[in-house]
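*Asks:* Okay, so here is input_30.txt, and as you'll see once you scroll down, it has compact mmCIF, N, CA and C atoms.
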# COMPACT_ATOMS: atom_id res chain seq x y z
N LEU A 1 -31.61 93.35 32.71
CA LEU A 1 -30.93 94.57 32.37
C LEU A 1 -31.12 94.90 30.88
N PHE A 2 -30.97 93.90 30.04
CA PHE A 2 -31.14 94.12 28.61
C PHE A 2 -32.59 94.50 28.28
N ILE A 3 -33.54 93.82 28.91
CA ILE A 3 -34.95 94.12 28.67
C ILE A 3 -35.29 95.52 29.17
N TYR A 4 -34.75 95.89 30.31
CA TYR A 4 -34.96 97.23 30.88
C TYR A 4 -34.45 98.31 29.93
N PHE A 5 -33.24 98.13 29.43
CA PHE A 5 -32.65 99.09 28.50
C PHE A 5 -33.41 99.13 27.19
N THR A 6 -33.79 97.98 26.67
CA THR A 6 -34.51 97.90 25.40
C THR A 6 -35.88 98.58 25.50
N TYR A 7 -36.54 98.39 26.62
CA TYR A 7 -37.85 99.01 26.82
C TYR A 7 -37.73 100.54 26.77
N PHE A 8 -36.79 101.10 27.50
CA PHE A 8 -36.65 102.54 27.52
C PHE A 8 -36.09 103.09 26.20
N ALA A 9 -35.27 102.32 25.52
CA ALA A 9 -34.79 102.74 24.20
C ALA A 9 -35.95 102.80 23.21
N ALA A 10 -36.82 101.81 23.23
CA ALA A 10 -37.98 101.82 22.34
C ALA A 10 -38.94 102.95 22.70
N LEU A 11 -39.11 103.21 23.98
CA LEU A 11 -39.97 104.30 24.42
C LEU A 11 -39.42 105.66 23.98
N ASN A 12 -38.12 105.86 24.11
CA ASN A 12 -37.49 107.09 23.63
C ASN A 12 -37.64 107.25 22.12
N TYR A 13 -37.38 106.19 21.40
CA TYR A 13 -37.48 106.26 19.94
C TYR A 13 -38.91 106.56 19.51
N PHE A 14 -39.87 105.88 20.13
CA PHE A 14 -41.27 106.09 19.77
C PHE A 14 -41.70 107.52 20.06
N SER A 15 -41.34 108.05 21.21
CA SER A 15 -41.74 109.42 21.53
C SER A 15 -41.00 110.44 20.67
N TYR A 16 -39.80 110.14 20.25
CA TYR A 16 -39.07 111.05 19.35
C TYR A 16 -39.67 111.03 17.94
N GLU A 17 -39.91 109.83 17.44
CA GLU A 17 -40.30 109.67 16.04
C GLU A 17 -41.77 109.98 15.78
N PHE A 18 -42.64 109.60 16.71
CA PHE A 18 -44.07 109.67 16.42
C PHE A 18 -44.84 110.69 17.25
N LEU A 19 -44.45 110.92 18.47
CA LEU A 19 -45.25 111.78 19.34
C LEU A 19 -44.74 113.20 19.44
N ASN A 20 -43.48 113.42 19.07
CA ASN A 20 -42.88 114.75 19.13
C ASN A 20 -43.04 115.36 20.53
N LEU A 21 -42.63 114.61 21.55
CA LEU A 21 -42.80 115.02 22.93
C LEU A 21 -41.67 115.88 23.47
N PHE A 22 -40.70 116.21 22.66
CA PHE A 22 -39.56 116.94 23.16
C PHE A 22 -39.79 118.44 23.01
N ASP A 23 -39.51 119.16 24.07
CA ASP A 23 -39.73 120.61 24.08
C ASP A 23 -38.58 121.32 23.38
N ARG A 24 -38.46 122.59 23.59
CA ARG A 24 -37.44 123.35 22.87
C ARG A 24 -36.03 123.14 23.42
N ASP A 25 -35.89 122.58 24.60
CA ASP A 25 -34.55 122.33 25.13
C ASP A 25 -33.82 121.22 24.37
N PHE A 26 -34.51 120.17 23.99
CA PHE A 26 -33.85 119.08 23.28
C PHE A 26 -33.30 119.53 21.93
N PRO A 27 -34.08 120.23 21.09
CA PRO A 27 -33.48 120.71 19.83
C PRO A 27 -32.34 121.69 20.06
N ALA A 28 -32.43 122.51 21.10
CA ALA A 28 -31.34 123.44 21.38
C ALA A 28 -30.09 122.69 21.83
N ASN A 29 -30.27 121.63 22.61
CA ASN A 29 -29.14 120.81 23.03
C ASN A 29 -28.48 120.14 21.82
N VAL A 30 -29.29 119.60 20.94
CA VAL A 30 -28.75 118.95 19.74
C VAL A 30 -28.03 119.97 18.87
N GLN A 31 -28.59 121.17 18.76
CA GLN A 31 -27.94 122.20 17.96
C GLN A 31 -26.59 122.58 18.55
N ALA A 32 -26.53 122.72 19.87
CA ALA A 32 -25.26 123.08 20.52
C ALA A 32 -24.24 121.96 20.36
N ILE A 33 -24.66 120.73 20.52
CA ILE A 33 -23.74 119.59 20.37
C ILE A 33 -23.27 119.48 18.92
N TRP A 34 -24.16 119.71 17.97
CA TRP A 34 -23.76 119.67 16.56
C TRP A 34 -22.73 120.76 16.27
N LYS A 35 -22.97 121.97 16.76
CA LYS A 35 -22.02 123.05 16.50
C LYS A 35 -20.68 122.78 17.16
N LEU A 36 -20.69 122.22 18.36
CA LEU A 36 -19.42 121.87 19.00
C LEU A 36 -18.71 120.76 18.23
N SER A 37 -19.46 119.81 17.69
CA SER A 37 -18.82 118.72 16.94
C SER A 37 -18.22 119.22 15.63
N GLU A 38 -18.76 120.30 15.10
CA GLU A 38 -18.23 120.88 13.87
C GLU A 38 -17.17 121.95 14.14
N GLY A 39 -16.92 122.24 15.42
CA GLY A 39 -15.93 123.25 15.76
C GLY A 39 -16.45 124.67 15.60
N LEU A 40 -17.77 124.83 15.62
CA LEU A 40 -18.39 126.14 15.44
C LEU A 40 -18.72 126.77 16.79
N TYR A 41 -19.03 128.04 16.74
CA TYR A 41 -19.44 128.80 17.91
C TYR A 41 -20.84 128.34 18.33
N PRO A 42 -21.04 127.86 19.57
CA PRO A 42 -22.34 127.29 19.95
C PRO A 42 -23.39 128.35 20.26
N TYR A 43 -23.82 129.04 19.22
CA TYR A 43 -24.87 130.05 19.35
C TYR A 43 -26.21 129.38 19.08
N ALA A 44 -27.11 129.44 20.06
CA ALA A 44 -28.42 128.80 19.91
C ALA A 44 -29.39 129.78 19.26
N THR A 45 -29.90 129.42 18.10
CA THR A 45 -30.85 130.29 17.42
C THR A 45 -32.21 130.27 18.12
N ILE A 46 -32.50 129.24 18.87
CA ILE A 46 -33.77 129.18 19.60
C ILE A 46 -33.77 130.19 20.74
N PHE A 47 -32.64 130.30 21.45
CA PHE A 47 -32.55 131.21 22.59
C PHE A 47 -32.01 132.58 22.19
N GLN A 48 -31.48 132.72 21.00
CA GLN A 48 -30.89 133.96 20.50
C GLN A 48 -29.73 134.45 21.36
N LYS A 49 -28.92 133.53 21.84
CA LYS A 49 -27.72 133.88 22.60
C LYS A 49 -26.76 132.70 22.59
N HIS A 50 -25.57 132.97 23.12
CA HIS A 50 -24.57 131.91 23.24
C HIS A 50 -25.15 130.81 24.12
N TYR A 51 -25.15 129.60 23.61
CA TYR A 51 -25.83 128.51 24.31
C TYR A 51 -25.21 128.21 25.67
N LEU A 52 -23.92 128.23 25.74
CA LEU A 52 -23.27 127.86 26.99
C LEU A 52 -23.41 128.94 28.06
N ALA A 53 -23.88 130.13 27.69
CA ALA A 53 -24.18 131.15 28.70
C ALA A 53 -25.49 130.83 29.40
N ASP A 54 -26.36 130.10 28.74
CA ASP A 54 -27.64 129.74 29.34
C ASP A 54 -27.61 128.35 29.98
N HIS A 55 -27.01 127.41 29.31
CA HIS A 55 -26.91 126.03 29.79
C HIS A 55 -25.44 125.62 29.74
N TRP A 56 -24.72 125.87 30.78
CA TRP A 56 -23.29 125.54 30.76
C TRP A 56 -23.10 124.11 31.22
N TRP A 57 -22.98 123.22 30.28
CA TRP A 57 -22.80 121.81 30.57
C TRP A 57 -21.53 121.33 29.87
N PRO A 58 -20.46 121.08 30.63
CA PRO A 58 -19.22 120.62 30.01
C PRO A 58 -19.35 119.26 29.32
N ILE A 59 -20.37 118.49 29.66
CA ILE A 59 -20.52 117.18 29.02
C ILE A 59 -20.83 117.30 27.54
N PHE A 60 -21.28 118.48 27.09
CA PHE A 60 -21.56 118.66 25.67
C PHE A 60 -20.32 118.44 24.82
N TRP A 61 -19.15 118.80 25.34
CA TRP A 61 -17.92 118.57 24.56
C TRP A 61 -17.66 117.08 24.42
N PHE A 62 -17.97 116.30 25.45
CA PHE A 62 -17.78 114.85 25.35
C PHE A 62 -18.84 114.20 24.47
N LEU A 63 -20.06 114.74 24.49
CA LEU A 63 -21.11 114.20 23.64
C LEU A 63 -20.90 114.56 22.17
N SER A 64 -20.15 115.59 21.92
CA SER A 64 -19.94 115.99 20.53
C SER A 64 -19.04 115.00 19.78
N LEU A 65 -18.23 114.24 20.49
CA LEU A 65 -17.37 113.26 19.82
C LEU A 65 -18.16 112.10 19.20
N PRO A 66 -19.04 111.40 19.96
CA PRO A 66 -19.84 110.37 19.29
C PRO A 66 -20.84 110.95 18.29
N TYR A 67 -21.29 112.18 18.56
CA TYR A 67 -22.22 112.82 17.62
C TYR A 67 -21.56 113.10 16.28
N LYS A 68 -20.27 113.35 16.30
CA LYS A 68 -19.52 113.56 15.05
C LYS A 68 -19.52 112.28 14.20
N LEU A 69 -19.45 111.14 14.87
CA LEU A 69 -19.46 109.86 14.15
C LEU A 69 -20.85 109.46 13.69
N PHE A 70 -21.86 109.73 14.51
CA PHE A 70 -23.25 109.37 14.21
C PHE A 70 -24.12 110.61 14.35
N PRO A 71 -24.16 111.48 13.35
CA PRO A 71 -24.87 112.76 13.48
C PRO A 71 -26.39 112.62 13.36
N SER A 72 -27.01 112.29 14.47
CA SER A 72 -28.46 112.16 14.53
C SER A 72 -28.93 112.51 15.94
N PRO A 73 -30.09 113.10 16.07
CA PRO A 73 -30.62 113.33 17.43
C PRO A 73 -30.84 112.03 18.20
N LEU A 74 -31.01 110.93 17.47
CA LEU A 74 -31.16 109.64 18.14
C LEU A 74 -29.88 109.24 18.87
N THR A 75 -28.74 109.71 18.40
CA THR A 75 -27.48 109.45 19.11
C THR A 75 -27.51 110.09 20.48
N ILE A 76 -28.01 111.32 20.57
CA ILE A 76 -28.10 112.00 21.86
C ILE A 76 -29.09 111.29 22.76
N LEU A 77 -30.22 110.83 22.22
CA LEU A 77 -31.19 110.09 23.01
C LEU A 77 -30.59 108.79 23.54
N PHE A 78 -29.87 108.09 22.68
CA PHE A 78 -29.24 106.83 23.09
C PHE A 78 -28.20 107.06 24.19
N LEU A 79 -27.35 108.07 24.02
CA LEU A 79 -26.34 108.34 25.04
C LEU A 79 -26.97 108.81 26.34
N ASN A 80 -28.02 109.60 26.25
CA ASN A 80 -28.74 110.04 27.44
C ASN A 80 -29.32 108.84 28.18
N LEU A 81 -29.94 107.94 27.45
CA LEU A 81 -30.50 106.75 28.04
C LEU A 81 -29.41 105.86 28.64
N LEU A 82 -28.34 105.68 27.93
CA LEU A 82 -27.25 104.84 28.40
C LEU A 82 -26.64 105.39 29.69
N LEU A 83 -26.40 106.69 29.73
CA LEU A 83 -25.78 107.28 30.91
C LEU A 83 -26.73 107.34 32.09
N SER A 84 -27.98 107.68 31.85
CA SER A 84 -28.92 107.81 32.97
C SER A 84 -29.32 106.46 33.53
N LYS A 85 -29.55 105.47 32.69
CA LYS A 85 -29.98 104.16 33.20
C LYS A 85 -28.82 103.37 33.77
N SER A 86 -27.62 103.59 33.31
CA SER A 86 -26.47 102.89 33.91
C SER A 86 -26.17 103.42 35.30
N ASN A 87 -26.52 104.68 35.56
CA ASN A 87 -26.33 105.22 36.90
C ASN A 87 -27.39 104.76 37.87
N SER A 88 -28.55 104.37 37.39
CA SER A 88 -29.63 103.96 38.28
C SER A 88 -29.53 102.49 38.69
N ILE A 89 -28.63 101.77 38.06
CA ILE A 89 -28.52 100.33 38.38
C ILE A 89 -27.57 100.11 39.54
Can the structure from this file be put into structure tokens for me?
*Replies:*
Amino acid sequence: LFIYFTYFAALNYFSYEFLNLFDRDFPANVQAIWKLSEGLYPYATIFQKHYLADHWWPIFWFLSLPYKLFPSPLTILFLNLLLSKSNSI
């Protein structure tokens, strides 16, 4: 389990840091989560509209709490990996 998680964590980090494999949805998600963590209106500048009108995901409010403590896109990648891989086990 630890090796499985570590492998995918390293793969996510490598693709984020060196390959830039994330499309425009990931930066828009991070922007919306950052704005929610700051208590701001989640307007996505990439989509030019209210973000939650396009992608209404209530989990963003829950993700904004750890993002407030660790403000980095890697926090979102880690939480995404943790939640998705824990459900597959």
*Asks:* What does the distance from CA of Trp34 (chain A) to CA of Pro58 (chain A) come to in Å, to one decimal?
*Replies:*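 Atom-to-atom, CA of Trp34 (chain A) to CA of Pro58 (chain A), that is 14.2 Å.
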*Asks:* If I take CA of Gln48 (chain A) and CA of Trp61 (chain A), how far is one from the other in Å, to one decimal?
*Replies:*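 Straight-line distance from CA of Gln48 (chain A) to CA of Trp61 (chain A) works out to 20.5 Å.
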*Asks:* Enter the distance from atom C of Leu11 (chain A) to atom N of Ile59 (chain A), in Å, rounded to one decimal.
*Replies:*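 Separation of atom C of Leu11 (chain A) and atom N of Ile59 (chain A): 23.7 Å.
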*Asks:* Excluding region 63-67 of chain A and any residue of its chain fewer than 5 positions from it, enumerate the residues within 6 Å of it, using all atoms listed in the file, and give them as a ChimeraX atom specification.
*Replies:* /A:33,36-37,72
*Asks:* Choose the residue, out of A:Tyr41, A:Phe8, A:Phe18, A:Val30, that has the smallest atom-to-atom separation from Leu74 (chain A); count only C-alpha atoms.
*Replies:*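 Selected residue with least distance to Leu74 (chain A): A:Val30.
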*Asks:* Choose the residue, out of A:Tyr7, A:Tyr13, A:Phe2, A:Ala28, that has the smallest atom-to-atom separation from Leu77 (chain A); count only N, CA and C atoms.
*Replies:*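 Checking each of A:Tyr7, A:Tyr13, A:Phe2, A:Ala28 against Leu77 (chain A), counting only N, CA and C atoms, the winner is A:Tyr13.
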*Asks:* As a PyMOL selection string, please: every residue in chain A that a backbone DSSP assignment puts in strand (DSSP E).
*Replies:* chain A and resi 43-44+49-50
*Asks:* Tell me which of A:Phe14, A:Phe5, A:Phe47, A:Phe26 sits closest to Ile76 (chain A), counting only C-alpha atoms.
*Replies:*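 With only C-alpha atoms as the atom set, the closest residue is A:Phe26.
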*Asks:* Using all atoms listed in the file, find the one residue out of A:Phe70, A:Ala9, A:Ala44, A:Leu82 that sits nearest to Ala32 (chain A).
*Replies:* A:Ala44
*Asks:* Which residue, A:Pro71, A:His50, A:Leu79, A:Tyr4, has the smallest gap to Glu38 (chain A) when you use only C-alpha atoms?
*Replies:*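 Selected residue with least distance to Glu38 (chain A): A:Pro71.
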*Asks:* Run DSSP on the backbone and give me the residues of region 8-48 of chain A it puts in alpha helix (DSSP H), as a PDB file with N, CA and C atoms, keeping the file's coordinate frame.
*Replies:*
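The result, written out as out-v5.pdb:
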ATOM      1  N   PHE A   8     -36.790 101.100  27.500  1.00  0.00           N
ATOM      2  CA  PHE A   8     -36.650 102.540  27.520  1.00  0.00           C
ATOM      3  C   PHE A   8     -36.090 103.090  26.200  1.00  0.00           C
ATOM      4  N   ALA A   9     -35.270 102.320  25.520  1.00  0.00           N
ATOM      5  CA  ALA A   9     -34.790 102.740  24.200  1.00  0.00           C
ATOM      6  C   ALA A   9     -35.950 102.800  23.210  1.00  0.00           C
ATOM      7  N   ALA A  10     -36.820 101.810  23.230  1.00  0.00           N
ATOM      8  CA  ALA A  10     -37.980 101.820  22.340  1.00  0.00           C
ATOM      9  C   ALA A  10     -38.940 102.950  22.700  1.00  0.00           C
ATOM     10  N   LEU A  11     -39.110 103.210  23.980  1.00  0.00           N
ATOM     11  CA  LEU A  11     -39.970 104.300  24.420  1.00  0.00           C
ATOM     12  C   LEU A  11     -39.420 105.660  23.980  1.00  0.00           C
ATOM     13  N   ASN A  12     -38.120 105.860  24.110  1.00  0.00           N
ATOM     14  CA  ASN A  12     -37.490 107.090  23.630  1.00  0.00           C
ATOM     15  C   ASN A  12     -37.640 107.250  22.120  1.00  0.00           C
ATOM     16  N   TYR A  13     -37.380 106.190  21.400  1.00  0.00           N
ATOM     17  CA  TYR A  13     -37.480 106.260  19.940  1.00  0.00           C
ATOM     18  C   TYR A  13     -38.910 106.560  19.510  1.00  0.00           C
ATOM     19  N   PHE A  14     -39.870 105.880  20.130  1.00  0.00           N
ATOM     20  CA  PHE A  14     -41.270 106.090  19.770  1.00  0.00           C
ATOM     21  C   PHE A  14     -41.700 107.520  20.060  1.00  0.00           C
ATOM     22  N   ASP A  25     -35.890 122.580  24.600  1.00  0.00           N
ATOM     23  CA  ASP A  25     -34.550 122.330  25.130  1.00  0.00           C
ATOM     24  C   ASP A  25     -33.820 121.220  24.370  1.00  0.00           C
ATOM     25  N   PHE A  26     -34.510 120.170  23.990  1.00  0.00           N
ATOM     26  CA  PHE A  26     -33.850 119.080  23.280  1.00  0.00           C
ATOM     27  C   PHE A  26     -33.300 119.530  21.930  1.00  0.00           C
ATOM     28  N   PRO A  27     -34.080 120.230  21.090  1.00  0.00           N
ATOM     29  CA  PRO A  27     -33.480 120.710  19.830  1.00  0.00           C
ATOM     30  C   PRO A  27     -32.340 121.690  20.060  1.00  0.00           C
ATOM     31  N   ALA A  28     -32.430 122.510  21.100  1.00  0.00           N
ATOM     32  CA  ALA A  28     -31.340 123.440  21.380  1.00  0.00           C
ATOM     33  C   ALA A  28     -30.090 122.690  21.830  1.00  0.00           C
ATOM     34  N   ASN A  29     -30.270 121.630  22.610  1.00  0.00           N
ATOM     35  CA  ASN A  29     -29.140 120.810  23.030  1.00  0.00           C
ATOM     36  C   ASN A  29     -28.480 120.140  21.820  1.00  0.00           C
ATOM     37  N   VAL A  30     -29.290 119.600  20.940  1.00  0.00           N
ATOM     38  CA  VAL A  30     -28.750 118.950  19.740  1.00  0.00           C
ATOM     39  C   VAL A  30     -28.030 119.970  18.870  1.00  0.00           C
ATOM     40  N   GLN A  31     -28.590 121.170  18.760  1.00  0.00           N
ATOM     41  CA  GLN A  31     -27.940 122.200  17.960  1.00  0.00           C
ATOM     42  C   GLN A  31     -26.590 122.580  18.550  1.00  0.00           C
ATOM     43  N   ALA A  32     -26.530 122.720  19.870  1.00  0.00           N
ATOM     44  CA  ALA A  32     -25.260 123.080  20.520  1.00  0.00           C
ATOM     45  C   ALA A  32     -24.240 121.960  20.360  1.00  0.00           C
ATOM     46  N   ILE A  33     -24.660 120.730  20.520  1.00  0.00           N
ATOM     47  CA  ILE A  33     -23.740 119.590  20.370  1.00  0.00           C
ATOM     48  C   ILE A  33     -23.270 119.480  18.920  1.00  0.00           C
ATOM     49  N   TRP A  34     -24.160 119.710  17.970  1.00  0.00           N
ATOM     50  CA  TRP A  34     -23.760 119.670  16.560  1.00  0.00           C
ATOM     51  C   TRP A  34     -22.730 120.760  16.270  1.00  0.00           C
ATOM     52  N   LYS A  35     -22.970 121.970  16.760  1.00  0.00           N
ATOM     53  CA  LYS A  35     -22.020 123.050  16.500  1.00  0.00           C
ATOM     54  C   LYS A  35     -20.680 122.780  17.160  1.00  0.00           C
ATOM     55  N   LEU A  36     -20.690 122.220  18.360  1.00  0.00           N
ATOM     56  CA  LEU A  36     -19.420 121.870  19.000  1.00  0.00           C
ATOM     57  C   LEU A  36     -18.710 120.760  18.230  1.00  0.00           C
ATOM     58  N   SER A  37     -19.460 119.810  17.690  1.00  0.00           N
ATOM     59  CA  SER A  37     -18.820 118.720  16.940  1.00  0.00           C
ATOM     60  C   SER A  37     -18.220 119.220  15.630  1.00  0.00           C
TER      61      SER A  37
END
*Asks:* Where atoms are missing, can you supply N, CA, C and O atoms for region 56-82 of chain A and output the lot as a PDB file, in the frame of the given file?
*Replies:*
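Result file is rebuild_5.pdb:
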ATOM      1  N   TRP A  56     -24.720 125.870  30.780  1.00  0.00           N
ATOM      2  CA  TRP A  56     -23.290 125.540  30.760  1.00  0.00           C
ATOM      3  C   TRP A  56     -23.100 124.110  31.220  1.00  0.00           C
ATOM      4  O   TRP A  56     -23.099 123.811  32.404  1.00  0.00           O
ATOM      5  N   TRP A  57     -22.980 123.220  30.280  1.00  0.00           N
ATOM      6  CA  TRP A  57     -22.800 121.810  30.570  1.00  0.00           C
ATOM      7  C   TRP A  57     -21.530 121.330  29.870  1.00  0.00           C
ATOM      8  O   TRP A  57     -21.506 121.171  28.646  1.00  0.00           O
ATOM      9  N   PRO A  58     -20.460 121.080  30.630  1.00  0.00           N
ATOM     10  CA  PRO A  58     -19.220 120.620  30.010  1.00  0.00           C
ATOM     11  C   PRO A  58     -19.350 119.260  29.320  1.00  0.00           C
ATOM     12  O   PRO A  58     -18.545 118.952  28.443  1.00  0.00           O
ATOM     13  N   ILE A  59     -20.370 118.490  29.660  1.00  0.00           N
ATOM     14  CA  ILE A  59     -20.520 117.180  29.020  1.00  0.00           C
ATOM     15  C   ILE A  59     -20.830 117.300  27.540  1.00  0.00           C
ATOM     16  O   ILE A  59     -20.637 116.356  26.779  1.00  0.00           O
ATOM     17  N   PHE A  60     -21.280 118.480  27.090  1.00  0.00           N
ATOM     18  CA  PHE A  60     -21.560 118.660  25.670  1.00  0.00           C
ATOM     19  C   PHE A  60     -20.320 118.440  24.820  1.00  0.00           C
ATOM     20  O   PHE A  60     -20.420 117.978  23.692  1.00  0.00           O
ATOM     21  N   TRP A  61     -19.150 118.800  25.340  1.00  0.00           N
ATOM     22  CA  TRP A  61     -17.920 118.570  24.560  1.00  0.00           C
ATOM     23  C   TRP A  61     -17.660 117.080  24.420  1.00  0.00           C
ATOM     24  O   TRP A  61     -17.200 116.635  23.381  1.00  0.00           O
ATOM     25  N   PHE A  62     -17.970 116.300  25.450  1.00  0.00           N
ATOM     26  CA  PHE A  62     -17.780 114.850  25.350  1.00  0.00           C
ATOM     27  C   PHE A  62     -18.840 114.200  24.470  1.00  0.00           C
ATOM     28  O   PHE A  62     -18.557 113.245  23.770  1.00  0.00           O
ATOM     29  N   LEU A  63     -20.060 114.740  24.490  1.00  0.00           N
ATOM     30  CA  LEU A  63     -21.110 114.200  23.640  1.00  0.00           C
ATOM     31  C   LEU A  63     -20.900 114.560  22.170  1.00  0.00           C
ATOM     32  O   LEU A  63     -21.438 113.883  21.288  1.00  0.00           O
ATOM     33  N   SER A  64     -20.150 115.590  21.920  1.00  0.00           N
ATOM     34  CA  SER A  64     -19.940 115.990  20.530  1.00  0.00           C
ATOM     35  C   SER A  64     -19.040 115.000  19.780  1.00  0.00           C
ATOM     36  O   SER A  64     -19.110 114.922  18.553  1.00  0.00           O
ATOM     37  N   LEU A  65     -18.230 114.240  20.490  1.00  0.00           N
ATOM     38  CA  LEU A  65     -17.370 113.260  19.820  1.00  0.00           C
ATOM     39  C   LEU A  65     -18.160 112.100  19.200  1.00  0.00           C
ATOM     40  O   LEU A  65     -17.993 111.818  18.011  1.00  0.00           O
ATOM     41  N   PRO A  66     -19.040 111.400  19.960  1.00  0.00           N
ATOM     42  CA  PRO A  66     -19.840 110.370  19.290  1.00  0.00           C
ATOM     43  C   PRO A  66     -20.840 110.950  18.290  1.00  0.00           C
ATOM     44  O   PRO A  66     -21.172 110.306  17.303  1.00  0.00           O
ATOM     45  N   TYR A  67     -21.290 112.180  18.560  1.00  0.00           N
ATOM     46  CA  TYR A  67     -22.220 112.820  17.620  1.00  0.00           C
ATOM     47  C   TYR A  67     -21.560 113.100  16.280  1.00  0.00           C
ATOM     48  O   TYR A  67     -22.210 113.060  15.244  1.00  0.00           O
ATOM     49  N   LYS A  68     -20.270 113.350  16.300  1.00  0.00           N
ATOM     50  CA  LYS A  68     -19.520 113.560  15.050  1.00  0.00           C
ATOM     51  C   LYS A  68     -19.520 112.280  14.200  1.00  0.00           C
ATOM     52  O   LYS A  68     -19.602 112.348  12.983  1.00  0.00           O
ATOM     53  N   LEU A  69     -19.450 111.140  14.870  1.00  0.00           N
ATOM     54  CA  LEU A  69     -19.460 109.860  14.150  1.00  0.00           C
ATOM     55  C   LEU A  69     -20.850 109.460  13.690  1.00  0.00           C
ATOM     56  O   LEU A  69     -21.016 108.890  12.606  1.00  0.00           O
ATOM     57  N   PHE A  70     -21.860 109.730  14.510  1.00  0.00           N
ATOM     58  CA  PHE A  70     -23.250 109.370  14.210  1.00  0.00           C
ATOM     59  C   PHE A  70     -24.120 110.610  14.350  1.00  0.00           C
ATOM     60  O   PHE A  70     -24.767 110.809  15.386  1.00  0.00           O
ATOM     61  N   PRO A  71     -24.160 111.480  13.350  1.00  0.00           N
ATOM     62  CA  PRO A  71     -24.870 112.760  13.480  1.00  0.00           C
ATOM     63  C   PRO A  71     -26.390 112.620  13.360  1.00  0.00           C
ATOM     64  O   PRO A  71     -26.969 112.796  12.294  1.00  0.00           O
ATOM     65  N   SER A  72     -27.010 112.290  14.470  1.00  0.00           N
ATOM     66  CA  SER A  72     -28.460 112.160  14.530  1.00  0.00           C
ATOM     67  C   SER A  72     -28.930 112.510  15.940  1.00  0.00           C
ATOM     68  O   SER A  72     -28.216 112.202  16.912  1.00  0.00           O
ATOM     69  N   PRO A  73     -30.090 113.100  16.070  1.00  0.00           N
ATOM     70  CA  PRO A  73     -30.620 113.330  17.430  1.00  0.00           C
ATOM     71  C   PRO A  73     -30.840 112.030  18.200  1.00  0.00           C
ATOM     72  O   PRO A  73     -30.811 112.013  19.422  1.00  0.00           O
ATOM     73  N   LEU A  74     -31.010 110.930  17.470  1.00  0.00           N
ATOM     74  CA  LEU A  74     -31.160 109.640  18.140  1.00  0.00           C
ATOM     75  C   LEU A  74     -29.880 109.240  18.870  1.00  0.00           C
ATOM     76  O   LEU A  74     -29.929 108.514  19.861  1.00  0.00           O
ATOM     77  N   THR A  75     -28.740 109.710  18.400  1.00  0.00           N
ATOM     78  CA  THR A  75     -27.480 109.450  19.110  1.00  0.00           C
ATOM     79  C   THR A  75     -27.510 110.090  20.480  1.00  0.00           C
ATOM     80  O   THR A  75     -27.102 109.472  21.470  1.00  0.00           O
ATOM     81  N   ILE A  76     -28.010 111.320  20.570  1.00  0.00           N
ATOM     82  CA  ILE A  76     -28.100 112.000  21.860  1.00  0.00           C
ATOM     83  C   ILE A  76     -29.090 111.290  22.760  1.00  0.00           C
ATOM     84  O   ILE A  76     -28.836 111.118  23.958  1.00  0.00           O
ATOM     85  N   LEU A  77     -30.220 110.830  22.220  1.00  0.00           N
ATOM     86  CA  LEU A  77     -31.190 110.090  23.010  1.00  0.00           C
ATOM     87  C   LEU A  77     -30.590 108.790  23.540  1.00  0.00           C
ATOM     88  O   LEU A  77     -30.786 108.416  24.686  1.00  0.00           O
ATOM     89  N   PHE A  78     -29.870 108.090  22.680  1.00  0.00           N
ATOM     90  CA  PHE A  78     -29.240 106.830  23.090  1.00  0.00           C
ATOM     91  C   PHE A  78     -28.200 107.060  24.190  1.00  0.00           C
ATOM     92  O   PHE A  78     -28.175 106.343  25.184  1.00  0.00           O
ATOM     93  N   LEU A  79     -27.350 108.070  24.020  1.00  0.00           N
ATOM     94  CA  LEU A  79     -26.340 108.340  25.040  1.00  0.00           C
ATOM     95  C   LEU A  79     -26.970 108.810  26.340  1.00  0.00           C
ATOM     96  O   LEU A  79     -26.506 108.438  27.427  1.00  0.00           O
ATOM     97  N   ASN A  80     -28.020 109.600  26.250  1.00  0.00           N
ATOM     98  CA  ASN A  80     -28.740 110.040  27.440  1.00  0.00           C
ATOM     99  C   ASN A  80     -29.320 108.840  28.180  1.00  0.00           C
ATOM    100  O   ASN A  80     -29.215 108.728  29.402  1.00  0.00           O
ATOM    101  N   LEU A  81     -29.940 107.940  27.450  1.00  0.00           N
ATOM    102  CA  LEU A  81     -30.500 106.750  28.040  1.00  0.00           C
ATOM    103  C   LEU A  81     -29.410 105.860  28.640  1.00  0.00           C
ATOM    104  O   LEU A  81     -29.553 105.369  29.763  1.00  0.00           O
ATOM    105  N   LEU A  82     -28.340 105.680  27.930  1.00  0.00           N
ATOM    106  CA  LEU A  82     -27.250 104.840  28.400  1.00  0.00           C
ATOM    107  C   LEU A  82     -26.640 105.390  29.690  1.00  0.00           C
ATOM    108  O   LEU A  82     -26.438 104.643  30.649  1.00  0.00           O
TER     109      LEU A  82
END
